[in-house]
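Data from target.cif: mmCIF, C-alpha atoms
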```cif
data_structure
#
loop_
_atom_site.label_atom_id
_atom_site.label_comp_id
_atom_site.auth_asym_id
_atom_site.auth_seq_id
_atom_site.Cartn_x
_atom_site.Cartn_y
_atom_site.Cartn_z
CA MET D 1 51.01 -1.11 63.35
CA SER D 2 49.68 -2.20 60.00
CA PRO D 3 45.96 -2.34 59.17
CA THR D 4 46.17 -6.13 59.23
CA SER D 5 47.74 -6.06 62.67
CA ARG D 6 45.01 -3.80 64.01
CA LYS D 7 42.34 -5.95 62.41
CA TYR D 8 43.32 -9.15 64.16
CA ARG D 9 44.44 -7.53 67.39
CA ARG D 10 40.97 -6.07 67.92
CA THR D 11 39.46 -9.51 67.70
CA ALA D 12 41.56 -11.30 70.25
CA CYS D 13 43.60 -8.95 72.40
CA THR D 14 40.48 -8.33 74.39
CA GLY D 15 39.74 -5.77 77.02
CA LEU D 16 41.10 -2.85 75.00
CA ALA D 17 37.99 -0.88 75.93
CA LEU D 18 38.28 -1.38 79.68
CA ALA D 19 39.23 2.19 80.54
CA PRO D 20 35.63 3.42 81.01
CA LEU D 21 35.17 0.77 83.70
CA VAL D 22 38.08 1.82 85.89
CA ALA D 23 36.29 4.69 87.56
CA LEU D 24 33.15 2.61 87.87
CA ALA D 25 35.05 -0.27 89.48
CA ALA D 26 36.74 2.02 91.95
CA CYS D 27 33.63 3.79 93.16
CA GLY D 28 31.85 0.77 94.64
CA GLY D 29 28.72 1.53 92.67
CA GLY D 30 27.26 -1.96 92.74
CA SER D 31 26.72 -4.93 94.97
CA GLY D 32 24.94 -8.20 94.57
CA THR D 33 23.18 -9.69 91.59
CA ASP D 34 19.54 -8.90 92.18
CA ALA D 35 18.81 -9.74 88.56
CA SER D 36 15.13 -9.58 87.71
CA ALA D 37 15.32 -11.60 84.50
CA GLU D 38 12.02 -13.26 83.67
CA ALA D 39 11.67 -16.36 81.53
CA GLY D 40 8.79 -14.93 79.51
CA SER D 41 6.85 -16.74 76.82
CA GLY D 42 9.80 -17.73 74.65
CA LYS D 43 8.17 -15.86 71.78
CA GLY D 44 8.16 -12.34 70.37
CA THR D 45 10.84 -9.78 69.54
CA ILE D 46 14.09 -9.66 71.47
CA SER D 47 16.69 -6.92 71.29
CA VAL D 48 20.36 -7.77 70.77
CA TRP D 49 23.40 -5.50 71.10
CA ALA D 50 26.83 -6.28 69.67
CA HIS D 51 30.08 -4.45 69.01
CA GLN D 52 30.73 -3.42 65.43
CA GLY D 53 34.23 -4.68 64.78
CA GLN D 54 35.76 -5.50 61.42
CA LYS D 55 33.37 -5.73 58.48
CA SER D 56 33.72 -9.48 58.08
CA GLU D 57 32.68 -10.05 61.71
CA ALA D 58 29.68 -7.76 61.40
CA ALA D 59 28.61 -9.53 58.23
CA ALA D 60 28.89 -12.95 59.89
CA LEU D 61 26.73 -11.80 62.80
CA GLN D 62 24.16 -10.16 60.55
CA ASN D 63 23.93 -13.35 58.51
CA ALA D 64 23.45 -15.40 61.68
CA VAL D 65 20.58 -13.16 62.78
CA LYS D 66 19.00 -13.20 59.34
CA SER D 67 19.20 -17.00 59.22
CA PHE D 68 17.69 -17.33 62.70
CA ASN D 69 14.81 -14.98 61.91
CA SER D 70 13.98 -16.82 58.69
CA SER D 71 14.29 -20.29 60.25
CA GLN D 72 11.25 -19.92 62.51
CA ASN D 73 8.39 -17.51 63.23
CA LYS D 74 8.21 -17.51 67.03
CA ILE D 75 11.13 -15.20 67.80
CA LYS D 76 12.39 -12.15 65.95
CA VAL D 77 15.82 -10.74 66.72
CA ASP D 78 16.31 -6.98 66.47
CA LEU D 79 20.09 -6.49 66.16
CA LYS D 80 21.84 -3.22 67.00
CA LEU D 81 25.54 -2.80 66.20
CA ILE D 82 27.45 -0.22 68.25
CA PRO D 83 30.93 1.01 67.23
CA GLU D 84 33.58 -0.91 69.14
CA LYS D 85 35.22 2.21 70.56
CA ASP D 86 31.91 3.20 72.19
CA TYR D 87 30.57 -0.22 73.05
CA THR D 88 31.78 -0.83 76.62
CA LYS D 89 31.16 2.81 77.51
CA THR D 90 27.59 2.44 76.26
CA ILE D 91 26.86 -0.61 78.42
CA THR D 92 28.51 1.04 81.41
CA ALA D 93 26.43 4.19 81.03
CA THR D 94 23.11 2.42 80.35
CA ASP D 95 20.77 1.57 83.20
CA ALA D 96 20.12 -2.17 83.52
CA ALA D 97 16.44 -1.64 82.75
CA GLU D 98 17.39 -0.14 79.38
CA LEU D 99 19.81 -2.85 78.32
CA PRO D 100 18.79 -5.38 75.64
CA ASP D 101 17.61 -8.95 76.13
CA VAL D 102 20.92 -10.27 74.74
CA LEU D 103 24.23 -8.44 74.72
CA GLU D 104 27.81 -9.05 73.75
CA PHE D 105 30.58 -7.98 76.12
CA ASP D 106 34.34 -8.10 76.29
CA GLY D 107 35.23 -11.05 78.54
CA PRO D 108 37.18 -9.25 81.28
CA THR D 109 34.33 -6.77 81.78
CA MET D 110 31.81 -9.49 82.64
CA ALA D 111 32.30 -9.63 86.42
CA ASN D 112 31.95 -5.87 86.62
CA PHE D 113 28.62 -6.02 84.80
CA VAL D 114 27.48 -8.85 87.07
CA TYR D 115 28.49 -6.81 90.11
CA ASN D 116 26.49 -3.87 88.79
CA LYS D 117 23.43 -6.06 88.12
CA LYS D 118 23.51 -5.84 84.35
CA LEU D 119 23.79 -9.55 83.49
CA ALA D 120 21.70 -12.57 84.47
CA PRO D 121 22.95 -16.16 84.74
CA ILE D 122 22.40 -18.05 81.49
CA ASP D 123 22.50 -21.63 82.84
CA THR D 124 18.71 -21.95 82.97
CA TYR D 125 18.14 -20.51 79.51
CA VAL D 126 20.72 -21.99 77.17
CA SER D 127 20.47 -25.71 76.46
CA ALA D 128 22.63 -28.34 78.14
CA LYS D 129 23.93 -29.19 74.68
CA THR D 130 25.19 -25.64 74.17
CA MET D 131 26.81 -25.50 77.58
CA ASP D 132 28.44 -28.91 77.19
CA ASN D 133 29.81 -27.99 73.77
CA ALA D 134 31.56 -24.86 75.04
CA THR D 135 35.28 -25.31 75.58
CA ALA D 136 36.44 -25.44 79.18
CA ALA D 137 38.43 -22.22 78.77
CA SER D 138 35.40 -20.37 77.41
CA LYS D 139 33.27 -21.55 80.32
CA ALA D 140 35.96 -20.51 82.80
CA GLN D 141 35.89 -16.94 81.47
CA GLY D 142 32.10 -16.80 81.82
CA GLU D 143 31.73 -18.18 85.34
CA VAL D 144 31.18 -16.24 88.58
CA GLU D 145 30.48 -18.01 91.87
CA GLY D 146 29.46 -21.22 90.11
CA LYS D 147 27.05 -19.54 87.68
CA HIS D 148 27.67 -18.85 84.01
CA TYR D 149 26.98 -15.37 82.70
CA GLY D 150 28.56 -15.64 79.26
CA LEU D 151 29.71 -17.92 76.47
CA GLY D 152 31.81 -16.96 73.48
CA MET D 153 31.83 -17.84 69.81
CA PHE D 154 35.61 -17.60 69.80
CA ASP D 155 38.60 -17.55 72.12
CA SER D 156 42.17 -16.33 71.94
CA GLY D 157 45.73 -17.30 72.69
CA LEU D 158 49.35 -16.20 72.62
CA GLY D 159 52.47 -17.76 71.19
CA ILE D 160 55.77 -16.97 69.56
CA TYR D 161 55.92 -16.99 65.79
CA GLY D 162 59.32 -17.99 64.46
CA ASN D 163 61.07 -17.59 61.13
CA LYS D 164 62.49 -21.07 60.51
CA LYS D 165 65.01 -19.82 57.95
CA LEU D 166 66.52 -17.29 60.36
CA LEU D 167 66.43 -19.67 63.33
CA ASP D 168 68.21 -22.39 61.38
CA ALA D 169 70.80 -19.95 60.05
CA ALA D 170 71.67 -18.97 63.62
CA GLY D 171 71.80 -22.59 64.76
CA VAL D 172 68.91 -22.08 67.18
CA LYS D 173 67.02 -25.16 68.29
CA TYR D 174 63.38 -24.29 68.88
CA PRO D 175 60.37 -26.05 70.48
CA THR D 176 58.00 -28.24 68.51
CA GLY D 177 55.16 -27.93 71.03
CA LEU D 178 54.22 -27.54 74.67
CA SER D 179 56.21 -30.59 75.74
CA ASP D 180 59.62 -29.14 74.85
CA ASP D 181 59.10 -25.40 75.33
CA TRP D 182 61.99 -23.01 75.89
CA THR D 183 62.95 -22.03 79.42
CA ALA D 184 63.34 -18.29 79.91
CA GLU D 185 67.12 -18.79 79.89
CA GLU D 186 66.98 -20.75 76.63
CA PHE D 187 64.83 -18.05 75.06
CA THR D 188 67.34 -15.41 76.07
CA SER D 189 70.16 -17.54 74.65
CA ALA D 190 68.22 -17.84 71.39
CA LEU D 191 67.95 -14.05 71.21
CA LYS D 192 71.71 -13.73 71.70
CA ALA D 193 72.44 -16.29 68.99
CA LEU D 194 70.07 -14.58 66.59
CA LYS D 195 71.61 -11.18 67.34
CA ALA D 196 75.01 -12.46 66.24
CA LYS D 197 73.56 -13.14 62.78
CA ASP D 198 71.44 -9.97 62.55
CA SER D 199 72.68 -6.73 60.99
CA ASP D 200 71.16 -4.41 63.60
CA GLY D 201 70.90 -6.85 66.49
CA LYS D 202 67.11 -6.51 66.66
CA THR D 203 65.72 -10.04 66.58
CA LEU D 204 62.42 -9.84 68.49
CA ASP D 205 59.00 -8.22 68.07
CA LEU D 206 56.97 -7.58 71.25
CA GLN D 207 54.34 -5.34 69.64
CA GLU D 208 56.10 -2.44 71.33
CA SER D 209 54.78 0.40 69.19
CA GLY D 210 51.51 0.83 71.11
CA GLY D 211 53.18 0.75 74.52
CA TYR D 212 52.29 -1.56 77.38
CA ALA D 213 50.28 0.66 79.74
CA ASN D 214 47.09 -0.78 78.26
CA GLU D 215 45.29 -4.11 77.94
CA TRP D 216 47.92 -5.46 75.58
CA GLY D 217 50.40 -5.06 78.44
CA THR D 218 48.26 -7.27 80.66
CA TYR D 219 47.05 -9.75 78.05
CA GLY D 220 50.42 -10.07 76.38
CA PHE D 221 52.68 -10.31 79.42
CA ALA D 222 50.71 -11.45 82.46
CA PRO D 223 51.70 -14.95 81.25
CA ILE D 224 55.19 -14.12 82.52
CA VAL D 225 53.74 -13.57 86.00
CA TRP D 226 51.78 -16.83 85.86
CA SER D 227 54.71 -18.79 84.45
CA ALA D 228 56.88 -17.51 87.29
CA GLY D 229 54.41 -18.94 89.80
CA GLY D 230 52.75 -15.63 90.61
CA SER D 231 49.29 -14.23 90.04
CA LEU D 232 47.67 -10.87 89.41
CA LEU D 233 45.34 -11.60 92.31
CA LYS D 234 45.14 -14.51 94.76
CA ASP D 235 42.46 -14.89 97.42
CA GLY D 236 41.45 -11.30 96.85
CA LYS D 237 44.92 -9.83 97.33
CA ALA D 238 47.74 -8.75 95.01
CA GLU D 239 50.45 -8.40 97.66
CA GLY D 240 52.22 -11.70 98.07
CA ALA D 241 51.01 -12.87 94.65
CA LEU D 242 52.01 -10.21 92.14
CA ASP D 243 55.13 -8.87 93.88
CA THR D 244 56.99 -12.08 94.72
CA PRO D 245 60.77 -12.33 94.20
CA ALA D 246 60.18 -14.89 91.43
CA VAL D 247 57.88 -12.53 89.52
CA ALA D 248 60.30 -9.62 89.98
CA SER D 249 63.12 -11.80 88.65
CA ALA D 250 61.02 -12.85 85.66
CA LEU D 251 60.21 -9.24 84.79
CA LYS D 252 63.92 -8.40 85.14
CA THR D 253 64.51 -10.95 82.39
CA PHE D 254 61.71 -9.39 80.32
CA GLN D 255 63.37 -6.00 80.83
CA SER D 256 66.66 -7.39 79.55
CA TRP D 257 65.09 -8.34 76.24
CA LYS D 258 64.54 -4.70 75.26
CA THR D 259 67.96 -4.52 73.63
CA TYR D 260 66.82 -7.17 71.12
CA VAL D 261 63.44 -5.61 70.30
CA ASP D 262 62.55 -4.02 66.98
CA PRO D 263 60.15 -1.09 67.65
CA ASN D 264 58.06 -2.39 64.73
CA THR D 265 56.54 1.00 64.00
CA ASP D 266 55.51 -0.16 60.52
CA GLY D 267 53.99 -3.44 61.70
CA ASN D 268 56.15 -5.45 59.32
CA ALA D 269 59.15 -6.42 61.44
CA PHE D 270 58.34 -10.13 61.40
CA ALA D 271 56.39 -10.52 58.17
CA LYS D 272 59.19 -8.82 56.23
CA GLY D 273 61.92 -10.88 57.89
CA ARG D 274 63.59 -8.13 59.93
CA VAL D 275 63.20 -10.19 63.12
CA ALA D 276 63.17 -13.93 63.69
CA LEU D 277 60.65 -14.03 66.56
CA SER D 278 57.32 -12.33 67.30
CA TRP D 279 55.52 -12.55 70.66
CA VAL D 280 51.86 -12.05 69.76
CA GLY D 281 48.57 -13.88 69.28
CA HIS D 282 46.80 -16.10 66.80
CA TRP D 283 45.32 -13.06 65.05
CA MET D 284 48.63 -12.37 63.25
CA TYR D 285 48.64 -15.73 61.47
CA PRO D 286 47.07 -14.51 58.20
CA ALA D 287 49.68 -11.78 57.69
CA TYR D 288 52.56 -13.92 58.91
CA SER D 289 51.68 -17.00 56.89
CA GLN D 290 51.35 -14.86 53.80
CA GLY D 291 54.73 -13.27 54.45
CA LEU D 292 56.74 -16.36 55.42
CA GLY D 293 54.92 -19.34 53.94
CA ASP D 294 56.60 -22.62 54.90
CA ASP D 295 59.20 -20.80 57.00
CA LEU D 296 56.59 -19.93 59.64
CA VAL D 297 56.68 -21.94 62.87
CA VAL D 298 54.43 -21.48 65.92
CA LEU D 299 55.95 -21.86 69.39
CA PRO D 300 54.74 -21.60 73.00
CA LEU D 301 55.82 -18.75 75.27
CA PRO D 302 58.90 -19.48 77.41
CA ASP D 303 58.69 -21.22 80.78
CA PHE D 304 59.77 -19.19 83.82
CA GLY D 305 59.45 -22.18 86.16
CA ASN D 306 55.72 -22.86 86.50
CA GLY D 307 55.24 -24.11 82.96
CA PRO D 308 54.42 -22.13 79.81
CA LYS D 309 51.29 -19.99 80.09
CA THR D 310 49.04 -18.02 77.78
CA GLY D 311 46.21 -15.58 78.23
CA GLN D 312 42.79 -16.50 76.91
CA GLY D 313 39.33 -14.98 76.62
CA SER D 314 37.52 -12.76 74.18
CA TRP D 315 34.10 -11.34 73.38
CA ALA D 316 31.20 -13.30 74.86
CA TRP D 317 27.40 -13.32 74.86
CA GLY D 318 25.02 -13.00 77.79
CA ILE D 319 21.48 -12.12 78.84
CA GLY D 320 20.44 -8.74 80.19
CA ALA D 321 19.54 -8.83 83.88
CA ASP D 322 16.19 -7.13 83.38
CA THR D 323 15.00 -9.05 80.33
CA LYS D 324 11.37 -10.14 80.33
CA ASN D 325 11.99 -12.87 77.74
CA ALA D 326 15.05 -14.82 78.86
CA LYS D 327 13.70 -18.04 77.38
CA ALA D 328 13.68 -16.54 73.90
CA ALA D 329 17.10 -15.02 74.56
CA GLY D 330 18.44 -18.48 75.40
CA THR D 331 16.93 -19.96 72.25
CA PHE D 332 18.75 -17.36 70.17
CA LEU D 333 22.04 -18.02 71.97
CA ASP D 334 21.66 -21.74 71.26
CA ALA D 335 21.39 -20.92 67.56
CA LEU D 336 24.17 -18.32 67.61
CA LEU D 337 26.58 -20.81 69.15
CA ASN D 338 25.94 -23.64 66.69
CA ASP D 339 28.66 -24.94 64.38
CA THR D 340 27.47 -23.05 61.34
CA ASN D 341 27.59 -19.64 63.00
CA VAL D 342 30.73 -20.25 65.05
CA THR D 343 32.57 -21.49 61.97
CA ALA D 344 31.40 -18.53 59.91
CA MET D 345 32.51 -16.07 62.59
CA THR D 346 35.91 -17.66 63.18
CA THR D 347 36.50 -17.90 59.45
CA ALA D 348 35.77 -14.18 59.29
CA ASN D 349 38.09 -13.15 62.11
CA GLY D 350 40.67 -15.95 62.30
CA ALA D 351 40.03 -16.60 66.00
CA VAL D 352 39.99 -19.90 67.87
CA PRO D 353 36.51 -21.51 67.88
CA ALA D 354 35.12 -21.59 71.43
CA THR D 355 32.99 -24.69 70.91
CA LYS D 356 34.35 -28.23 70.92
CA THR D 357 32.74 -29.36 67.68
CA ALA D 358 33.72 -26.31 65.62
CA LEU D 359 37.25 -26.45 67.02
CA ALA D 360 37.64 -30.12 66.07
CA LYS D 361 36.70 -29.34 62.47
CA SER D 362 38.72 -26.13 62.09
CA SER D 363 41.32 -26.37 59.34
CA LEU D 364 43.62 -24.05 61.29
CA TYR D 365 43.22 -25.36 64.82
CA LYS D 366 42.41 -29.06 64.47
CA GLU D 367 45.03 -31.72 65.15
CA GLY D 368 47.71 -31.33 62.52
CA GLY D 369 46.59 -27.80 61.64
CA PRO D 370 49.11 -24.94 61.52
CA LEU D 371 47.70 -23.38 64.69
CA GLN D 372 47.12 -26.57 66.69
CA LEU D 373 49.30 -25.11 69.45
CA PHE D 374 46.58 -22.60 70.37
CA ALA D 375 43.99 -25.37 70.67
CA ASP D 376 46.41 -27.46 72.72
CA GLN D 377 46.90 -24.56 75.11
CA LEU D 378 43.17 -23.94 75.53
CA ALA D 379 42.67 -27.66 76.17
CA LYS D 380 44.63 -27.15 79.41
CA PRO D 381 42.70 -24.34 81.13
CA CYS D 382 43.73 -22.98 84.52
CA GLY D 383 40.74 -20.79 85.23
CA ASP D 384 41.75 -17.63 87.07
CA SER D 385 42.98 -18.99 90.38
CA ASP D 386 44.41 -22.54 90.29
CA ILE D 387 47.45 -21.76 88.17
CA THR D 388 49.52 -24.93 88.37
CA LYS D 389 52.40 -26.22 86.31
CA SER D 390 50.14 -28.66 84.45
CA CYS D 391 47.73 -26.07 83.03
CA VAL D 392 48.42 -23.47 80.35
CA ALA D 393 45.52 -21.12 79.44
CA VAL D 394 44.84 -18.63 82.23
CA THR D 395 41.70 -16.55 82.51
CA ARG D 396 42.28 -12.97 83.60
CA PRO D 397 40.91 -12.42 87.14
CA VAL D 398 37.13 -12.78 87.12
CA THR D 399 36.32 -9.92 89.45
CA ALA D 400 34.51 -6.62 89.27
CA GLY D 401 37.83 -5.03 90.21
CA TYR D 402 39.58 -6.27 87.08
CA PRO D 403 39.74 -2.82 85.46
CA VAL D 404 41.85 -1.59 88.38
CA ILE D 405 44.03 -4.72 88.33
CA THR D 406 44.83 -4.39 84.64
CA SER D 407 45.39 -0.65 84.90
CA LYS D 408 47.90 -0.96 87.74
CA PHE D 409 49.68 -4.03 86.38
CA SER D 410 50.06 -2.66 82.85
CA GLU D 411 51.40 0.62 84.25
CA ALA D 412 53.95 -1.36 86.25
CA LEU D 413 54.93 -3.46 83.24
CA ASN D 414 55.35 -0.38 81.08
CA SER D 415 57.57 1.27 83.68
CA VAL D 416 59.67 -1.91 84.05
CA TYR D 417 60.18 -2.02 80.30
CA GLY D 418 61.31 1.60 80.55
CA GLY D 419 63.95 0.76 83.15
CA THR D 420 62.21 0.89 86.55
CA ASP D 421 63.23 -1.69 89.15
CA PRO D 422 60.71 -4.56 88.86
CA LYS D 423 60.46 -5.15 92.60
CA SER D 424 59.46 -1.57 93.39
CA ALA D 425 57.09 -1.33 90.42
CA LEU D 426 55.30 -4.55 91.38
CA GLN D 427 55.05 -3.58 95.04
CA LYS D 428 53.54 -0.24 94.09
CA ALA D 429 50.99 -1.92 91.80
CA ALA D 430 50.07 -4.54 94.40
CA ARG D 431 49.52 -1.93 97.10
CA ALA D 432 47.28 0.13 94.81
CA ILE D 433 45.22 -2.90 93.82
CA ASP D 434 44.77 -4.03 97.41
CA GLN D 435 43.81 -0.54 98.55
CA ASP D 436 41.12 -0.39 95.89
CA PHE D 437 39.79 -3.81 96.85
CA SER D 438 39.76 -2.76 100.50
CA ASP D 439 37.87 0.42 99.62
CA ASN D 440 35.27 -1.67 97.78
CA ALA D 441 34.87 -4.55 100.24
CA GLY D 442 36.65 -6.91 97.88
CA TYR D 443 34.00 -6.54 95.17
CA LYS D 444 32.20 -9.50 96.67
CA ILE D 445 29.32 -10.82 94.59
CA PRO D 446 26.81 -12.69 96.81
#
```
Starting from the file, give its structure as structure tokens.
Amino acid sequence: MSPTSRKYRRTACTGLALAPLVALAACGGGSGTDASAEAGSGKGTISVWAHQGQKSEAAALQNAVKSFNSSQNKIKVDLKLIPEKDYTKTITATDAAELPDVLEFDGPTMANFVYNKKLAPIDTYVSAKTMDNATAASKAQGEVEGKHYGLGMFDSGLGIYGNKKLLDAAGVKYPTGLSDDWTAEEFTSALKALKAKDSDGKTLDLQESGGYANEWGTYGFAPIVWSAGGSLLKDGKAEGALDTPAVASALKTFQSWKTYVDPNTDGNAFAKGRVALSWVGHWMYPAYSQGLGDDLVVLPLPDFGNGPKTGQGSWAWGIGADTKNAKAAGTFLDALLNDTNVTAMTTANGAVPATKTALAKSSLYKEGGPLQLFADQLAKPCGDSDITKSCVAVTRPVTAGYPVITSKFSEALNSVYGGTDPKSALQKAARAIDQDFSDNAGYKIP
């Protein structure tokens, strides 16, 4: 994987730091949300923690804090950046009483932190304007039992990047948007047609080099499950949702694509024109547009019967459960999520703006922009449970047990890609997930 690939993948392929939560999720260490957040005076110094990602992101956040501090004299923000590789582990290991007033967290970890009493609802403390301006998909990621615990500056999405020159040379007709997406069969036929015109028969990039037994496995390919009419979890159970015949059949199709896949060990398979198609997220646009120019096209993922689907969700902001100055924390979040700061951050990292007004003005994602597809997908959110044919952007299960779900599903996906029978792999994963949920009383959050 190239440095550019890593740079953008960190931003949007979220949940890569979930491993420290798996043991925590499985031990039943928390219950309830007895948050003791106090409104406070709305003045004074508040502490803020954030992950230290790429330099441009850190600079955008530091500038936002500096601007906020200089814009008024009632509240001072004390920002602490923690290396990304240590960030989730740090929150997990820190007692709620020692957490900051405001903290950033990777979206899929939110429900676990709520379950373990580390986050307070933000509805009372951020303004109605801020909440209303958040995109529906962003709000869906941040909601537990009707309360919002987080809002993001940016969101994410998946698609297929295509090389128009190679597609045309192979006579492959490709989608122009969500309304005429490929079926899974049509996608497979496209791969076969491309193979006939390719010297080594490798026509597809699936970001294989890092393996799939990780969050990329879940983020990147759970859309196959959803598009096949299945779910990672439904009504608190994986059996009967994850291991259906339709999902097993869909993963059998995924398994069949391996013969067309370039291992992409150098990260340049698509940008250098070795393959015609790349299944990845918005974060690869800078490298791909530079490499292909006008030959770059952006396509939705294939439809396995329940409509095309994409993952969504990314880093978000919330309020520490034990803060004594939640009012000031909310004031800062209002400022952090304004157009100026959201635009600066998404310009820095290339991600999809998670507020309506910034999204509408984005040169990349606005109507007619080169990445409009990602905005179109996020405009049709499913949430994490009502995954119908008419919606597209699916939130990963909002549950404290998510670390176990993603661990077991990604292991199953990786084994299927390696040749294991999909039915048996999915049944094994579903049983393990359900056993963990049974052991932990379903991770119910009162």
Task: Closest of D:Tyr212, D:Trp315, D:Phe304, D:Tyr161 to Ala287 in chain D - atom-to-atom distances counting only C-alpha atoms - done: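 Of the candidates, the smallest distance to Ala287 in chain D is held by D:Tyr161.
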TODO: May I have the protein, DNA and RNA residues with an atom at most 10 Å from (29.4, -22.6, 70.6), counting all atoms listed in the file in the file's coordinates, returned as an MDAnalysis selection string?
DONE: chainID D and resid 129:135 138 151:154 333:343 353:359
Next, the residues of the selection above should be written as a PDB file, keeping the file's coordinate frame with C-alpha atoms.
```pdb
ATOM      1  CA  LYS D 129      23.930 -29.190  74.680  1.00  0.00           C
ATOM      2  CA  THR D 130      25.190 -25.640  74.170  1.00  0.00           C
ATOM      3  CA  MET D 131      26.810 -25.500  77.580  1.00  0.00           C
ATOM      4  CA  ASP D 132      28.440 -28.910  77.190  1.00  0.00           C
ATOM      5  CA  ASN D 133      29.810 -27.990  73.770  1.00  0.00           C
ATOM      6  CA  ALA D 134      31.560 -24.860  75.040  1.00  0.00           C
ATOM      7  CA  THR D 135      35.280 -25.310  75.580  1.00  0.00           C
ATOM      8  CA  SER D 138      35.400 -20.370  77.410  1.00  0.00           C
ATOM      9  CA  LEU D 151      29.710 -17.920  76.470  1.00  0.00           C
ATOM     10  CA  GLY D 152      31.810 -16.960  73.480  1.00  0.00           C
ATOM     11  CA  MET D 153      31.830 -17.840  69.810  1.00  0.00           C
ATOM     12  CA  PHE D 154      35.610 -17.600  69.800  1.00  0.00           C
ATOM     13  CA  LEU D 333      22.040 -18.020  71.970  1.00  0.00           C
ATOM     14  CA  ASP D 334      21.660 -21.740  71.260  1.00  0.00           C
ATOM     15  CA  ALA D 335      21.390 -20.920  67.560  1.00  0.00           C
ATOM     16  CA  LEU D 336      24.170 -18.320  67.610  1.00  0.00           C
ATOM     17  CA  LEU D 337      26.580 -20.810  69.150  1.00  0.00           C
ATOM     18  CA  ASN D 338      25.940 -23.640  66.690  1.00  0.00           C
ATOM     19  CA  ASP D 339      28.660 -24.940  64.380  1.00  0.00           C
ATOM     20  CA  THR D 340      27.470 -23.050  61.340  1.00  0.00           C
ATOM     21  CA  ASN D 341      27.590 -19.640  63.000  1.00  0.00           C
ATOM     22  CA  VAL D 342      30.730 -20.250  65.050  1.00  0.00           C
ATOM     23  CA  THR D 343      32.570 -21.490  61.970  1.00  0.00           C
ATOM     24  CA  PRO D 353      36.510 -21.510  67.880  1.00  0.00           C
ATOM     25  CA  ALA D 354      35.120 -21.590  71.430  1.00  0.00           C
ATOM     26  CA  THR D 355      32.990 -24.690  70.910  1.00  0.00           C
ATOM     27  CA  LYS D 356      34.350 -28.230  70.920  1.00  0.00           C
ATOM     28  CA  THR D 357      32.740 -29.360  67.680  1.00  0.00           C
ATOM     29  CA  ALA D 358      33.720 -26.310  65.620  1.00  0.00           C
ATOM     30  CA  LEU D 359      37.250 -26.450  67.020  1.00  0.00           C
TER      31      LEU D 359
END
```
Exercise: Ala222 in chain D partners within 10 Å, all atoms listed in the file, chain neighbours under 5 positions left out, as a PDB file with C-alpha atoms, in the frame of the given file:
```pdb
ATOM      1  CA  TRP D 216      47.920  -5.460  75.580  1.00  0.00           C
ATOM      2  CA  GLY D 217      50.400  -5.060  78.440  1.00  0.00           C
ATOM      3  CA  SER D 227      54.710 -18.790  84.450  1.00  0.00           C
ATOM      4  CA  ALA D 228      56.880 -17.510  87.290  1.00  0.00           C
ATOM      5  CA  GLY D 230      52.750 -15.630  90.610  1.00  0.00           C
ATOM      6  CA  SER D 231      49.290 -14.230  90.040  1.00  0.00           C
ATOM      7  CA  LEU D 232      47.670 -10.870  89.410  1.00  0.00           C
ATOM      8  CA  LEU D 242      52.010 -10.210  92.140  1.00  0.00           C
ATOM      9  CA  LYS D 309      51.290 -19.990  80.090  1.00  0.00           C
ATOM     10  CA  THR D 310      49.040 -18.020  77.780  1.00  0.00           C
ATOM     11  CA  GLY D 311      46.210 -15.580  78.230  1.00  0.00           C
ATOM     12  CA  VAL D 394      44.840 -18.630  82.230  1.00  0.00           C
ATOM     13  CA  ARG D 396      42.280 -12.970  83.600  1.00  0.00           C
ATOM     14  CA  THR D 406      44.830  -4.390  84.640  1.00  0.00           C
ATOM     15  CA  PHE D 409      49.680  -4.030  86.380  1.00  0.00           C
ATOM     16  CA  SER D 410      50.060  -2.660  82.850  1.00  0.00           C
ATOM     17  CA  LEU D 413      54.930  -3.460  83.240  1.00  0.00           C
TER      18      LEU D 413
END
```
TODO: To one decimal in Å, tell me the separation between CA of Val261 in chain D and CA of Asn163 in chain D.
DONE: 15.3 Å
Task: Point-to-point distance in Å for CA of Gly383 in chain D and CA of Asn440 in chain D - done: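 The value is 23.5 Å.
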Open item on the list: Give me the residues near Gly293 in chain D as a PyMOL selection string, where near means some atom within 12 Å (using all atoms listed in the file) and where sequence neighbours in that chain fewer than 6 positions away do not count.
Closed with: chain D and resi 162-165+271-273+285-287+370
Assuming 4 Å of padding per side, give the centre and edge lengths of the axis-aligned box around every listed atom of range 214-229 of chain D, in Å to one decimal and as lines of an AutoDock Vina configuration file.
```
center_x = 51.1
center_y = -9.9
center_z = 82.7
size_x = 19.6
size_y = 26.2
size_z = 22.2
```
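Nearest to Thr183 in chain D of all the residues D:Leu251, D:Val77, D:Leu103, D:Leu301 is D:Leu301, counting all atoms listed in the file.
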Residues within 10 Å of range 198-200 of chain D, please, as a compact mmCIF listing (two decimals) with C-alpha atoms, in the coordinates of the input. Count only C-alpha atoms; anything in the same chain fewer than 4 positions from it doesn't count.
```
# COMPACT_ATOMS: atom_id res chain seq x y z
CA LEU D 166 66.52 -17.29 60.36
CA ALA D 170 71.67 -18.97 63.62
CA LYS D 192 71.71 -13.73 71.70
CA ALA D 193 72.44 -16.29 68.99
CA LEU D 194 70.07 -14.58 66.59
CA TYR D 260 66.82 -7.17 71.12
CA ASP D 262 62.55 -4.02 66.98
CA ARG D 274 63.59 -8.13 59.93
CA VAL D 275 63.20 -10.19 63.12
CA ALA D 276 63.17 -13.93 63.69
```
